[in-house]
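Working notes, beginning with the structure itself.
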Amino acid sequence: MTNLDLYAKTEHLLGIEEATEALYDLYRSELDEYKVKTLLDVGCGRGGFMQRMISDGVICKGVDLSAVMVEECKAQGLDAECIDVSKVEGKYDAVVSIFDVLNFLNQDELLKFLDAVADKLNDDGIFIADINTLYGFRDVAEGTMSSENEKEFLVVDAVFEDDKLYTKFTLFLKENEEKNEDFKYTKYQDTIVQYFHKLKIFEKLPNLKLVDKQTFSLYDTKDKTLLIFKKK
C-alpha cells in the first residue's frame, strides 16, 4: 500500500468532510464567473468536486496518483485515471487542485507540475489551487490526533520543521471478524511529507500568471491561501 493509498484508506477517519465541502463551495463560486465548459481535477480524490461541476453542466475529467481514489471515482461512473497530469490528453477551460495538492510537491516537482498544468489549459484558461500558510502548517496542522470505529484505529502524528510537515499515519485494521475466528489487527504505517511554499514562487512563472490570491480561514484563522492563475 503506497502512502497515498494509505491516506485514502484513512481519510474518512480524519474528520475533514466539513472542510472539504467548504473548499468545494469556494472553488465553485470562483469558477462561476469564468463560465467554463471543461474541467480537469488534478488530485481528484473520490470525485466529489467533479460531481458538483457535472451537475452544473461542466464536462469533467479527474486524475489522482492514488489507485484507491481512482477506482472509487470509476465506480461512480466518473472519468478518472491514475496518471500524472503531464500524461493527460486534451486541453481544458479550467484546472483545479483542491486541498493541499501543491503542498505535496517539493519545489522542483512543483515547477514541473505548474508547467504541465499550463500545457493542459486552453488559451486564457484558469487554474485554481490552495496551499497552506505558514500559520496553517506550524500552528494548525502540527500535533497528534486519533480516531477509531469498530474496525479501525488511526493515530496521526504531525511535526513541522525546516519548512516541511512530516505526518505519520498509523492505521490498525481488524481482521478475521467475518470468519468467526479470533480477530487480529493488521498495522499499516507510513509518513507523508508536505512542503511550505512562499508566494513569491508563484509570482514569476513562465506560463501562468497569478491574477489573484486570497488568504482565508478553513480550520483556523488565515490557515489557507487560494491561488488563481490565468494561462499566459
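Each chain in the C-alpha cells gets a letter, A, B and so on, in the order shown; residues start at 1 in every chain, and ligands are counted from 1 in the order they appear.
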
- [ ] Per DSSP on the backbone, filter region 64-190 of chain A down to the residues in alpha helix (DSSP H) and report them as a list in words.
- [x] Ala67, Val68, Met69, Val70, Glu71, Glu72, Cys73, Lys74, Ala75, Gln107, Asp108, Glu109, Leu110, Leu111, Lys112, Phe113, Leu114, Asp115, Ala116, Val117, Ala118, Asp119, Leu134 and Tyr135 of chain A

Open item on the list: Env of region 210-218 of chain A: 8 Å cut, atoms = only C-alpha atoms, seq-sep filter 4 positions within chain, self excluded. Answer as a ChimeraX atom specification.
Closed with: /A:19,22,202-203,222-230

How would the residues just chosen look if you wrote them out with all heavy atoms as a compact mmCIF listing (two decimals), in the first residue's frame?
# COMPACT_ATOMS: atom_id res chain seq x y z
N ALA A 19 -14.66 20.65 6.06
CA ALA A 19 -13.66 21.49 5.40
C ALA A 19 -13.65 21.24 3.90
O ALA A 19 -13.53 22.19 3.11
CB ALA A 19 -12.28 21.22 5.99
N ALA A 22 -16.55 22.99 2.32
CA ALA A 22 -16.32 24.44 2.28
C ALA A 22 -15.39 24.81 1.13
O ALA A 22 -15.60 25.82 0.43
CB ALA A 22 -15.73 24.91 3.61
N PHE A 202 5.19 31.64 -6.93
CA PHE A 202 4.09 31.62 -7.89
C PHE A 202 3.98 32.92 -8.70
O PHE A 202 3.16 33.02 -9.60
CB PHE A 202 2.78 31.38 -7.16
CG PHE A 202 2.76 30.12 -6.35
CD1 PHE A 202 2.96 30.15 -4.97
CD2 PHE A 202 2.58 28.89 -6.96
CE1 PHE A 202 2.94 28.99 -4.22
CE2 PHE A 202 2.57 27.72 -6.22
CZ PHE A 202 2.76 27.77 -4.86
N GLU A 203 4.80 33.91 -8.37
CA GLU A 203 4.62 35.23 -8.97
C GLU A 203 5.41 35.44 -10.25
O GLU A 203 5.17 36.42 -10.97
CB GLU A 203 4.98 36.30 -7.94
CG GLU A 203 3.98 36.34 -6.77
CD GLU A 203 4.41 37.26 -5.63
OE1 GLU A 203 5.59 37.68 -5.63
OE2 GLU A 203 3.57 37.54 -4.76
N LYS A 222 -6.85 32.31 8.98
CA LYS A 222 -5.91 32.51 7.88
C LYS A 222 -4.90 31.36 7.75
O LYS A 222 -3.69 31.57 7.70
CB LYS A 222 -5.18 33.85 8.04
CG LYS A 222 -6.12 35.05 7.94
CD LYS A 222 -5.37 36.36 8.03
CE LYS A 222 -6.33 37.54 7.85
NZ LYS A 222 -5.65 38.84 7.94
N ASP A 223 -5.43 30.14 7.68
CA ASP A 223 -4.55 28.98 7.56
C ASP A 223 -4.38 28.51 6.12
O ASP A 223 -3.56 27.62 5.85
CB ASP A 223 -5.07 27.82 8.42
CG ASP A 223 -6.50 27.41 8.07
OD1 ASP A 223 -7.25 28.26 7.55
OD2 ASP A 223 -6.88 26.26 8.35
N LYS A 224 -5.10 29.11 5.17
CA LYS A 224 -5.03 28.69 3.77
C LYS A 224 -4.95 29.90 2.85
O LYS A 224 -5.42 30.99 3.20
CB LYS A 224 -6.28 27.89 3.39
CG LYS A 224 -6.52 26.65 4.23
CD LYS A 224 -5.65 25.49 3.83
CE LYS A 224 -6.05 24.95 2.49
NZ LYS A 224 -5.19 23.79 2.11
N THR A 225 -4.38 29.69 1.66
CA THR A 225 -4.38 30.71 0.61
C THR A 225 -4.88 30.10 -0.68
O THR A 225 -4.41 29.04 -1.09
CB THR A 225 -2.98 31.31 0.39
OG1 THR A 225 -2.52 31.92 1.60
CG2 THR A 225 -3.01 32.37 -0.71
N LEU A 226 -5.84 30.78 -1.30
CA LEU A 226 -6.35 30.37 -2.60
C LEU A 226 -5.58 31.12 -3.68
O LEU A 226 -5.42 32.35 -3.61
CB LEU A 226 -7.84 30.68 -2.73
CG LEU A 226 -8.54 30.09 -3.95
CD1 LEU A 226 -8.73 28.58 -3.77
CD2 LEU A 226 -9.88 30.77 -4.20
N LEU A 227 -5.08 30.40 -4.67
CA LEU A 227 -4.31 30.97 -5.76
C LEU A 227 -5.08 30.81 -7.07
O LEU A 227 -5.56 29.71 -7.38
CB LEU A 227 -2.96 30.26 -5.90
CG LEU A 227 -2.08 30.22 -4.65
CD1 LEU A 227 -0.87 29.32 -4.90
CD2 LEU A 227 -1.63 31.61 -4.25
N ILE A 228 -5.20 31.90 -7.83
CA ILE A 228 -5.89 31.86 -9.11
C ILE A 228 -4.95 32.34 -10.20
O ILE A 228 -4.40 33.44 -10.12
CB ILE A 228 -7.17 32.73 -9.08
CG1 ILE A 228 -8.10 32.26 -7.95
CG2 ILE A 228 -7.88 32.68 -10.43
CD1 ILE A 228 -9.35 33.10 -7.78
N PHE A 229 -4.76 31.49 -11.20
CA PHE A 229 -3.84 31.78 -12.30
C PHE A 229 -4.60 31.82 -13.62
O PHE A 229 -5.61 31.13 -13.79
CB PHE A 229 -2.77 30.68 -12.42
CG PHE A 229 -1.93 30.44 -11.20
CD1 PHE A 229 -2.37 29.58 -10.20
CD2 PHE A 229 -0.70 31.05 -11.07
CE1 PHE A 229 -1.58 29.34 -9.07
CE2 PHE A 229 0.10 30.80 -9.95
CZ PHE A 229 -0.35 29.96 -8.95
N LYS A 230 -4.08 32.59 -14.56
CA LYS A 230 -4.53 32.54 -15.95
C LYS A 230 -3.35 32.09 -16.81
O LYS A 230 -2.20 32.43 -16.51
CB LYS A 230 -5.02 33.92 -16.43
CG LYS A 230 -6.25 34.42 -15.71
CD LYS A 230 -7.49 33.58 -15.98
CE LYS A 230 -8.05 33.75 -17.37
NZ LYS A 230 -8.66 35.05 -17.63

Need to verify the contact set: region 131-147 of chain A, 8 Å, only C-alpha atoms, exclusion of same-chain residues closer than 4 positions in sequence. Can you return it as a PDB file with all heavy atoms, in the first residue's frame?
ATOM      1  N   LEU A  13     -11.600   8.863   8.512  1.00  0.00           N
ATOM      2  CA  LEU A  13     -11.380   8.952   9.953  1.00  0.00           C
ATOM      3  C   LEU A  13     -10.790  10.303  10.376  1.00  0.00           C
ATOM      4  O   LEU A  13     -10.599  10.546  11.567  1.00  0.00           O
ATOM      5  CB  LEU A  13     -10.427   7.840  10.414  1.00  0.00           C
ATOM      6  CG  LEU A  13     -10.935   6.400  10.253  1.00  0.00           C
ATOM      7  CD1 LEU A  13      -9.797   5.420  10.462  1.00  0.00           C
ATOM      8  CD2 LEU A  13     -12.072   6.125  11.235  1.00  0.00           C
ATOM      9  N   LEU A  14     -10.518  11.169   9.405  1.00  0.00           N
ATOM     10  CA  LEU A  14      -9.811  12.419   9.695  1.00  0.00           C
ATOM     11  C   LEU A  14     -10.735  13.581  10.052  1.00  0.00           C
ATOM     12  O   LEU A  14     -10.265  14.637  10.486  1.00  0.00           O
ATOM     13  CB  LEU A  14      -8.930  12.812   8.502  1.00  0.00           C
ATOM     14  CG  LEU A  14      -7.817  11.823   8.141  1.00  0.00           C
ATOM     15  CD1 LEU A  14      -7.097  12.272   6.876  1.00  0.00           C
ATOM     16  CD2 LEU A  14      -6.828  11.678   9.298  1.00  0.00           C
ATOM     17  N   PHE A  99      -7.360  21.133  -1.983  1.00  0.00           N
ATOM     18  CA  PHE A  99      -6.978  20.614  -0.659  1.00  0.00           C
ATOM     19  C   PHE A  99      -5.509  20.185  -0.612  1.00  0.00           C
ATOM     20  O   PHE A  99      -5.178  19.000  -0.536  1.00  0.00           O
ATOM     21  CB  PHE A  99      -7.881  19.454  -0.236  1.00  0.00           C
ATOM     22  CG  PHE A  99      -8.260  19.509   1.234  1.00  0.00           C
ATOM     23  CD1 PHE A  99      -9.505  19.102   1.662  1.00  0.00           C
ATOM     24  CD2 PHE A  99      -7.367  19.975   2.185  1.00  0.00           C
ATOM     25  CE1 PHE A  99      -9.864  19.154   3.004  1.00  0.00           C
ATOM     26  CE2 PHE A  99      -7.702  20.036   3.521  1.00  0.00           C
ATOM     27  CZ  PHE A  99      -8.958  19.626   3.933  1.00  0.00           C
ATOM     28  N   ASP A 100      -4.614  21.157  -0.661  1.00  0.00           N
ATOM     29  CA  ASP A 100      -3.186  20.952  -0.366  1.00  0.00           C
ATOM     30  C   ASP A 100      -2.402  20.203  -1.442  1.00  0.00           C
ATOM     31  O   ASP A 100      -1.251  19.827  -1.194  1.00  0.00           O
ATOM     32  CB  ASP A 100      -2.973  20.181   0.948  1.00  0.00           C
ATOM     33  CG  ASP A 100      -3.701  20.762   2.135  1.00  0.00           C
ATOM     34  OD1 ASP A 100      -4.193  21.898   2.045  1.00  0.00           O
ATOM     35  OD2 ASP A 100      -3.775  20.076   3.161  1.00  0.00           O
ATOM     36  N   VAL A 101      -2.969  19.970  -2.610  1.00  0.00           N
ATOM     37  CA  VAL A 101      -2.259  19.177  -3.614  1.00  0.00           C
ATOM     38  C   VAL A 101      -0.861  19.743  -3.867  1.00  0.00           C
ATOM     39  O   VAL A 101       0.128  19.000  -3.931  1.00  0.00           O
ATOM     40  CB  VAL A 101      -3.056  19.108  -4.932  1.00  0.00           C
ATOM     41  CG1 VAL A 101      -2.210  18.479  -6.039  1.00  0.00           C
ATOM     42  CG2 VAL A 101      -4.339  18.313  -4.735  1.00  0.00           C
ATOM     43  N   LEU A 102      -0.744  21.065  -3.983  1.00  0.00           N
ATOM     44  CA  LEU A 102       0.559  21.669  -4.275  1.00  0.00           C
ATOM     45  C   LEU A 102       1.549  21.486  -3.131  1.00  0.00           C
ATOM     46  O   LEU A 102       2.761  21.452  -3.355  1.00  0.00           O
ATOM     47  CB  LEU A 102       0.414  23.162  -4.580  1.00  0.00           C
ATOM     48  CG  LEU A 102      -0.493  23.559  -5.736  1.00  0.00           C
ATOM     49  CD1 LEU A 102      -0.339  25.044  -6.048  1.00  0.00           C
ATOM     50  CD2 LEU A 102      -0.224  22.733  -6.976  1.00  0.00           C
ATOM     51  N   ASN A 103       1.042  21.347  -1.915  1.00  0.00           N
ATOM     52  CA  ASN A 103       1.926  21.177  -0.764  1.00  0.00           C
ATOM     53  C   ASN A 103       2.570  19.798  -0.705  1.00  0.00           C
ATOM     54  O   ASN A 103       3.525  19.589   0.046  1.00  0.00           O
ATOM     55  CB  ASN A 103       1.182  21.445   0.537  1.00  0.00           C
ATOM     56  CG  ASN A 103       0.839  22.899   0.743  1.00  0.00           C
ATOM     57  OD1 ASN A 103      -0.334  23.253   0.896  1.00  0.00           O
ATOM     58  ND2 ASN A 103       1.838  23.766   0.738  1.00  0.00           N
ATOM     59  N   PHE A 153      -8.533   1.765  13.863  1.00  0.00           N
ATOM     60  CA  PHE A 153      -7.974   2.709  14.833  1.00  0.00           C
ATOM     61  C   PHE A 153      -6.832   3.447  14.147  1.00  0.00           C
ATOM     62  O   PHE A 153      -5.927   2.821  13.590  1.00  0.00           O
ATOM     63  CB  PHE A 153      -7.465   1.984  16.081  1.00  0.00           C
ATOM     64  CG  PHE A 153      -6.845   2.911  17.092  1.00  0.00           C
ATOM     65  CD1 PHE A 153      -7.624   3.778  17.840  1.00  0.00           C
ATOM     66  CD2 PHE A 153      -5.469   2.931  17.287  1.00  0.00           C
ATOM     67  CE1 PHE A 153      -7.054   4.635  18.773  1.00  0.00           C
ATOM     68  CE2 PHE A 153      -4.886   3.789  18.205  1.00  0.00           C
ATOM     69  CZ  PHE A 153      -5.687   4.641  18.954  1.00  0.00           C
ATOM     70  N   LEU A 154      -6.887   4.778  14.169  1.00  0.00           N
ATOM     71  CA  LEU A 154      -5.907   5.595  13.460  1.00  0.00           C
ATOM     72  C   LEU A 154      -5.245   6.579  14.423  1.00  0.00           C
ATOM     73  O   LEU A 154      -5.920   7.230  15.222  1.00  0.00           O
ATOM     74  CB  LEU A 154      -6.590   6.386  12.338  1.00  0.00           C
ATOM     75  CG  LEU A 154      -5.729   7.430  11.616  1.00  0.00           C
ATOM     76  CD1 LEU A 154      -4.645   6.752  10.779  1.00  0.00           C
ATOM     77  CD2 LEU A 154      -6.604   8.326  10.732  1.00  0.00           C
ATOM     78  N   VAL A 155      -3.930   6.695  14.318  1.00  0.00           N
ATOM     79  CA  VAL A 155      -3.170   7.719  15.018  1.00  0.00           C
ATOM     80  C   VAL A 155      -2.409   8.536  13.971  1.00  0.00           C
ATOM     81  O   VAL A 155      -1.747   7.971  13.098  1.00  0.00           O
ATOM     82  CB  VAL A 155      -2.169   7.113  16.027  1.00  0.00           C
ATOM     83  CG1 VAL A 155      -1.349   8.219  16.682  1.00  0.00           C
ATOM     84  CG2 VAL A 155      -2.908   6.306  17.086  1.00  0.00           C
ATOM     85  N   VAL A 156      -2.535   9.857  14.060  1.00  0.00           N
ATOM     86  CA  VAL A 156      -1.831  10.762  13.150  1.00  0.00           C
ATOM     87  C   VAL A 156      -0.940  11.665  13.984  1.00  0.00           C
ATOM     88  O   VAL A 156      -1.407  12.328  14.914  1.00  0.00           O
ATOM     89  CB  VAL A 156      -2.815  11.612  12.326  1.00  0.00           C
ATOM     90  CG1 VAL A 156      -2.057  12.560  11.398  1.00  0.00           C
ATOM     91  CG2 VAL A 156      -3.751  10.719  11.520  1.00  0.00           C
ATOM     92  N   ASP A 157       0.343  11.686  13.659  1.00  0.00           N
ATOM     93  CA  ASP A 157       1.312  12.496  14.401  1.00  0.00           C
ATOM     94  C   ASP A 157       2.048  13.381  13.401  1.00  0.00           C
ATOM     95  O   ASP A 157       2.766  12.881  12.530  1.00  0.00           O
ATOM     96  CB  ASP A 157       2.297  11.594  15.146  1.00  0.00           C
ATOM     97  CG  ASP A 157       3.233  12.384  16.048  1.00  0.00           C
ATOM     98  OD1 ASP A 157       2.841  13.470  16.507  1.00  0.00           O
ATOM     99  OD2 ASP A 157       4.362  11.914  16.280  1.00  0.00           O
ATOM    100  N   ALA A 158       1.880  14.701  13.511  1.00  0.00           N
ATOM    101  CA  ALA A 158       2.445  15.638  12.540  1.00  0.00           C
ATOM    102  C   ALA A 158       3.443  16.576  13.211  1.00  0.00           C
ATOM    103  O   ALA A 158       3.157  17.168  14.255  1.00  0.00           O
ATOM    104  CB  ALA A 158       1.335  16.450  11.880  1.00  0.00           C
ATOM    105  N   VAL A 159       4.626  16.703  12.578  1.00  0.00           N
ATOM    106  CA  VAL A 159       5.685  17.576  13.089  1.00  0.00           C
ATOM    107  C   VAL A 159       6.133  18.493  11.951  1.00  0.00           C
ATOM    108  O   VAL A 159       6.418  18.022  10.839  1.00  0.00           O
ATOM    109  CB  VAL A 159       6.887  16.759  13.605  1.00  0.00           C
ATOM    110  CG1 VAL A 159       8.021  17.683  14.045  1.00  0.00           C
ATOM    111  CG2 VAL A 159       6.459  15.850  14.752  1.00  0.00           C
ATOM    112  N   PHE A 160       6.212  19.811  12.225  1.00  0.00           N
ATOM    113  CA  PHE A 160       6.643  20.784  11.218  1.00  0.00           C
ATOM    114  C   PHE A 160       8.039  21.269  11.556  1.00  0.00           C
ATOM    115  O   PHE A 160       8.283  21.825  12.625  1.00  0.00           O
ATOM    116  CB  PHE A 160       5.664  21.964  11.185  1.00  0.00           C
ATOM    117  CG  PHE A 160       5.976  22.970  10.105  1.00  0.00           C
ATOM    118  CD1 PHE A 160       5.820  22.650   8.775  1.00  0.00           C
ATOM    119  CD2 PHE A 160       6.434  24.239  10.431  1.00  0.00           C
ATOM    120  CE1 PHE A 160       6.100  23.572   7.772  1.00  0.00           C
ATOM    121  CE2 PHE A 160       6.729  25.172   9.446  1.00  0.00           C
ATOM    122  CZ  PHE A 160       6.552  24.829   8.102  1.00  0.00           C
ATOM    123  N   LEU A 165       6.188  19.538   6.669  1.00  0.00           N
ATOM    124  CA  LEU A 165       5.312  18.883   7.629  1.00  0.00           C
ATOM    125  C   LEU A 165       5.416  17.378   7.415  1.00  0.00           C
ATOM    126  O   LEU A 165       5.082  16.870   6.337  1.00  0.00           O
ATOM    127  CB  LEU A 165       3.858  19.332   7.446  1.00  0.00           C
ATOM    128  CG  LEU A 165       2.877  18.755   8.473  1.00  0.00           C
ATOM    129  CD1 LEU A 165       3.052  19.453   9.819  1.00  0.00           C
ATOM    130  CD2 LEU A 165       1.431  18.886   7.992  1.00  0.00           C
ATOM    131  N   PHE A 196       6.048  23.664   2.694  1.00  0.00           N
ATOM    132  CA  PHE A 196       5.579  25.047   2.724  1.00  0.00           C
ATOM    133  C   PHE A 196       6.160  25.792   1.526  1.00  0.00           C
ATOM    134  O   PHE A 196       7.360  25.729   1.255  1.00  0.00           O
ATOM    135  CB  PHE A 196       6.020  25.729   4.017  1.00  0.00           C
ATOM    136  CG  PHE A 196       5.809  27.215   4.013  1.00  0.00           C
ATOM    137  CD1 PHE A 196       4.528  27.755   3.978  1.00  0.00           C
ATOM    138  CD2 PHE A 196       6.894  28.084   4.018  1.00  0.00           C
ATOM    139  CE1 PHE A 196       4.337  29.127   3.949  1.00  0.00           C
ATOM    140  CE2 PHE A 196       6.714  29.452   4.001  1.00  0.00           C
ATOM    141  CZ  PHE A 196       5.429  29.978   3.970  1.00  0.00           C
ATOM    142  N   HIS A 197       5.296  26.494   0.779  1.00  0.00           N
ATOM    143  CA  HIS A 197       5.735  27.263  -0.389  1.00  0.00           C
ATOM    144  C   HIS A 197       5.449  28.742  -0.172  1.00  0.00           C
ATOM    145  O   HIS A 197       4.312  29.115   0.142  1.00  0.00           O
ATOM    146  CB  HIS A 197       5.016  26.791  -1.653  1.00  0.00           C
ATOM    147  CG  HIS A 197       5.299  25.377  -2.029  1.00  0.00           C
ATOM    148  ND1 HIS A 197       6.582  24.886  -2.186  1.00  0.00           N
ATOM    149  CD2 HIS A 197       4.455  24.329  -2.281  1.00  0.00           C
ATOM    150  CE1 HIS A 197       6.524  23.609  -2.528  1.00  0.00           C
ATOM    151  NE2 HIS A 197       5.254  23.252  -2.582  1.00  0.00           N
ATOM    152  N   TYR A 219      -9.696  25.835   8.851  1.00  0.00           N
ATOM    153  CA  TYR A 219      -9.765  25.254  10.191  1.00  0.00           C
ATOM    154  C   TYR A 219      -9.569  26.316  11.268  1.00  0.00           C
ATOM    155  O   TYR A 219     -10.076  26.200  12.378  1.00  0.00           O
ATOM    156  CB  TYR A 219      -8.680  24.184  10.372  1.00  0.00           C
ATOM    157  CG  TYR A 219      -8.849  22.962   9.517  1.00  0.00           C
ATOM    158  CD1 TYR A 219      -8.014  22.725   8.443  1.00  0.00           C
ATOM    159  CD2 TYR A 219      -9.844  22.040   9.800  1.00  0.00           C
ATOM    160  CE1 TYR A 219      -8.152  21.595   7.658  1.00  0.00           C
ATOM    161  CE2 TYR A 219      -9.993  20.902   9.024  1.00  0.00           C
ATOM    162  CZ  TYR A 219      -9.148  20.681   7.953  1.00  0.00           C
ATOM    163  OH  TYR A 219      -9.301  19.569   7.184  1.00  0.00           O
ATOM    164  N   ASP A 220      -8.767  27.330  10.948  1.00  0.00           N
ATOM    165  CA  ASP A 220      -8.386  28.338  11.922  1.00  0.00           C
ATOM    166  C   ASP A 220      -8.128  29.637  11.161  1.00  0.00           C
ATOM    167  O   ASP A 220      -8.238  29.689   9.932  1.00  0.00           O
ATOM    168  CB  ASP A 220      -7.139  27.891  12.689  1.00  0.00           C
ATOM    169  CG  ASP A 220      -7.013  28.553  14.055  1.00  0.00           C
ATOM    170  OD1 ASP A 220      -7.531  29.668  14.205  1.00  0.00           O
ATOM    171  OD2 ASP A 220      -6.401  27.960  14.947  1.00  0.00           O
ATOM    172  N   LYS A 222      -6.850  32.314   8.976  1.00  0.00           N
ATOM    173  CA  LYS A 222      -5.905  32.509   7.875  1.00  0.00           C
ATOM    174  C   LYS A 222      -4.903  31.360   7.751  1.00  0.00           C
ATOM    175  O   LYS A 222      -3.693  31.569   7.700  1.00  0.00           O
ATOM    176  CB  LYS A 222      -5.181  33.847   8.041  1.00  0.00           C
ATOM    177  CG  LYS A 222      -6.122  35.045   7.943  1.00  0.00           C
ATOM    178  CD  LYS A 222      -5.373  36.361   8.035  1.00  0.00           C
ATOM    179  CE  LYS A 222      -6.334  37.540   7.854  1.00  0.00           C
ATOM    180  NZ  LYS A 222      -5.647  38.844   7.938  1.00  0.00           N
ATOM    181  N   ASP A 223      -5.427  30.142   7.678  1.00  0.00           N
ATOM    182  CA  ASP A 223      -4.552  28.975   7.563  1.00  0.00           C
ATOM    183  C   ASP A 223      -4.375  28.508   6.119  1.00  0.00           C
ATOM    184  O   ASP A 223      -3.564  27.619   5.851  1.00  0.00           O
ATOM    185  CB  ASP A 223      -5.071  27.817   8.417  1.00  0.00           C
ATOM    186  CG  ASP A 223      -6.501  27.413   8.074  1.00  0.00           C
ATOM    187  OD1 ASP A 223      -7.247  28.259   7.551  1.00  0.00           O
ATOM    188  OD2 ASP A 223      -6.881  26.261   8.349  1.00  0.00           O
ATOM    189  N   LYS A 224      -5.105  29.109   5.168  1.00  0.00           N
ATOM    190  CA  LYS A 224      -5.031  28.686   3.768  1.00  0.00           C
ATOM    191  C   LYS A 224      -4.951  29.904   2.853  1.00  0.00           C
ATOM    192  O   LYS A 224      -5.415  30.993   3.196  1.00  0.00           O
ATOM    193  CB  LYS A 224      -6.277  27.886   3.389  1.00  0.00           C
ATOM    194  CG  LYS A 224      -6.522  26.646   4.233  1.00  0.00           C
ATOM    195  CD  LYS A 224      -5.648  25.495   3.830  1.00  0.00           C
ATOM    196  CE  LYS A 224      -6.047  24.948   2.486  1.00  0.00           C
ATOM    197  NZ  LYS A 224      -5.190  23.790   2.105  1.00  0.00           N
ATOM    198  N   THR A 225      -4.379  29.695   1.658  1.00  0.00           N
ATOM    199  CA  THR A 225      -4.382  30.715   0.613  1.00  0.00           C
ATOM    200  C   THR A 225      -4.879  30.104  -0.682  1.00  0.00           C
ATOM    201  O   THR A 225      -4.410  29.043  -1.086  1.00  0.00           O
ATOM    202  CB  THR A 225      -2.978  31.307   0.388  1.00  0.00           C
ATOM    203  OG1 THR A 225      -2.518  31.921   1.600  1.00  0.00           O
ATOM    204  CG2 THR A 225      -3.006  32.368  -0.706  1.00  0.00           C
ATOM    205  N   LEU A 226      -5.843  30.781  -1.299  1.00  0.00           N
ATOM    206  CA  LEU A 226      -6.346  30.371  -2.603  1.00  0.00           C
ATOM    207  C   LEU A 226      -5.577  31.121  -3.679  1.00  0.00           C
ATOM    208  O   LEU A 226      -5.423  32.346  -3.611  1.00  0.00           O
ATOM    209  CB  LEU A 226      -7.840  30.678  -2.726  1.00  0.00           C
ATOM    210  CG  LEU A 226      -8.541  30.090  -3.955  1.00  0.00           C
ATOM    211  CD1 LEU A 226      -8.728  28.583  -3.772  1.00  0.00           C
ATOM    212  CD2 LEU A 226      -9.878  30.769  -4.201  1.00  0.00           C
ATOM    213  N   LEU A 227      -5.081  30.396  -4.671  1.00  0.00           N
ATOM    214  CA  LEU A 227      -4.307  30.968  -5.763  1.00  0.00           C
ATOM    215  C   LEU A 227      -5.080  30.812  -7.068  1.00  0.00           C
ATOM    216  O   LEU A 227      -5.559  29.708  -7.382  1.00  0.00           O
ATOM    217  CB  LEU A 227      -2.955  30.263  -5.897  1.00  0.00           C
ATOM    218  CG  LEU A 227      -2.077  30.217  -4.650  1.00  0.00           C
ATOM    219  CD1 LEU A 227      -0.873  29.316  -4.896  1.00  0.00           C
ATOM    220  CD2 LEU A 227      -1.630  31.612  -4.251  1.00  0.00           C
TER     221      LEU A 227
END

Open item on the list: As an exercise, work out the distance from CA of Thr170 (chain A) to CA of Tyr7 (chain A) in Å and give it to one decimal place.
Closed with: 10.1 Å

Task: Nearest candidate to Gln189 (chain A) (options A:Leu121, A:Val63, A:Ile201, A:Leu171; using only C-alpha atoms) - done: A:Leu171

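Among the candidates A:Glu72, A:Asp115, A:Asp93, A:Asp64, the one nearest to Val42 (chain A) when counting only C-alpha atoms is A:Asp64.
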
Open item on the list: Env of region 48-56 of chain A: 12 Å cut, atoms = only C-alpha atoms, seq-sep filter 6 positions within chain, self excluded. Answer as an NGL selection string.
Closed with: :A and (17 or 20-29 or 31-32 or 35-42 or 62-63 or 69-70 or 72-74 or 76-80 or 94-99)

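A straight line drawn from CA of Asp84 (chain A) to CA of Lys200 (chain A) is 25.1 Å long.
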
Open item on the list: Can you pull out every residue from region 12-228 of chain A that DSSP, working from the backbone, puts in strand (DSSP E or B), and format the result as an MDAnalysis selection string?
Closed with: chainID A and resid 38:42 59:63 80:81 92:97 121:132 143:148 152:161 164:175 184:195 208:216 224:228

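Here CA of Gly125 (chain A) is placed at a distance of 22.5 Å from CA of Leu105 (chain A).
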
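Among the candidate residues A:Ser66, A:Asn106, A:Asn3, A:Gln194, the one lying nearest to Glu161 (chain A) is A:Gln194, with distances computed using only C-alpha atoms.
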
TODO: Select, from A:Lys198, A:Leu208, A:Gly43, A:Lys151, the residue with the minimum atom-to-atom distance to Tyr185 (chain A), counting only C-alpha atoms.
DONE: A:Lys151
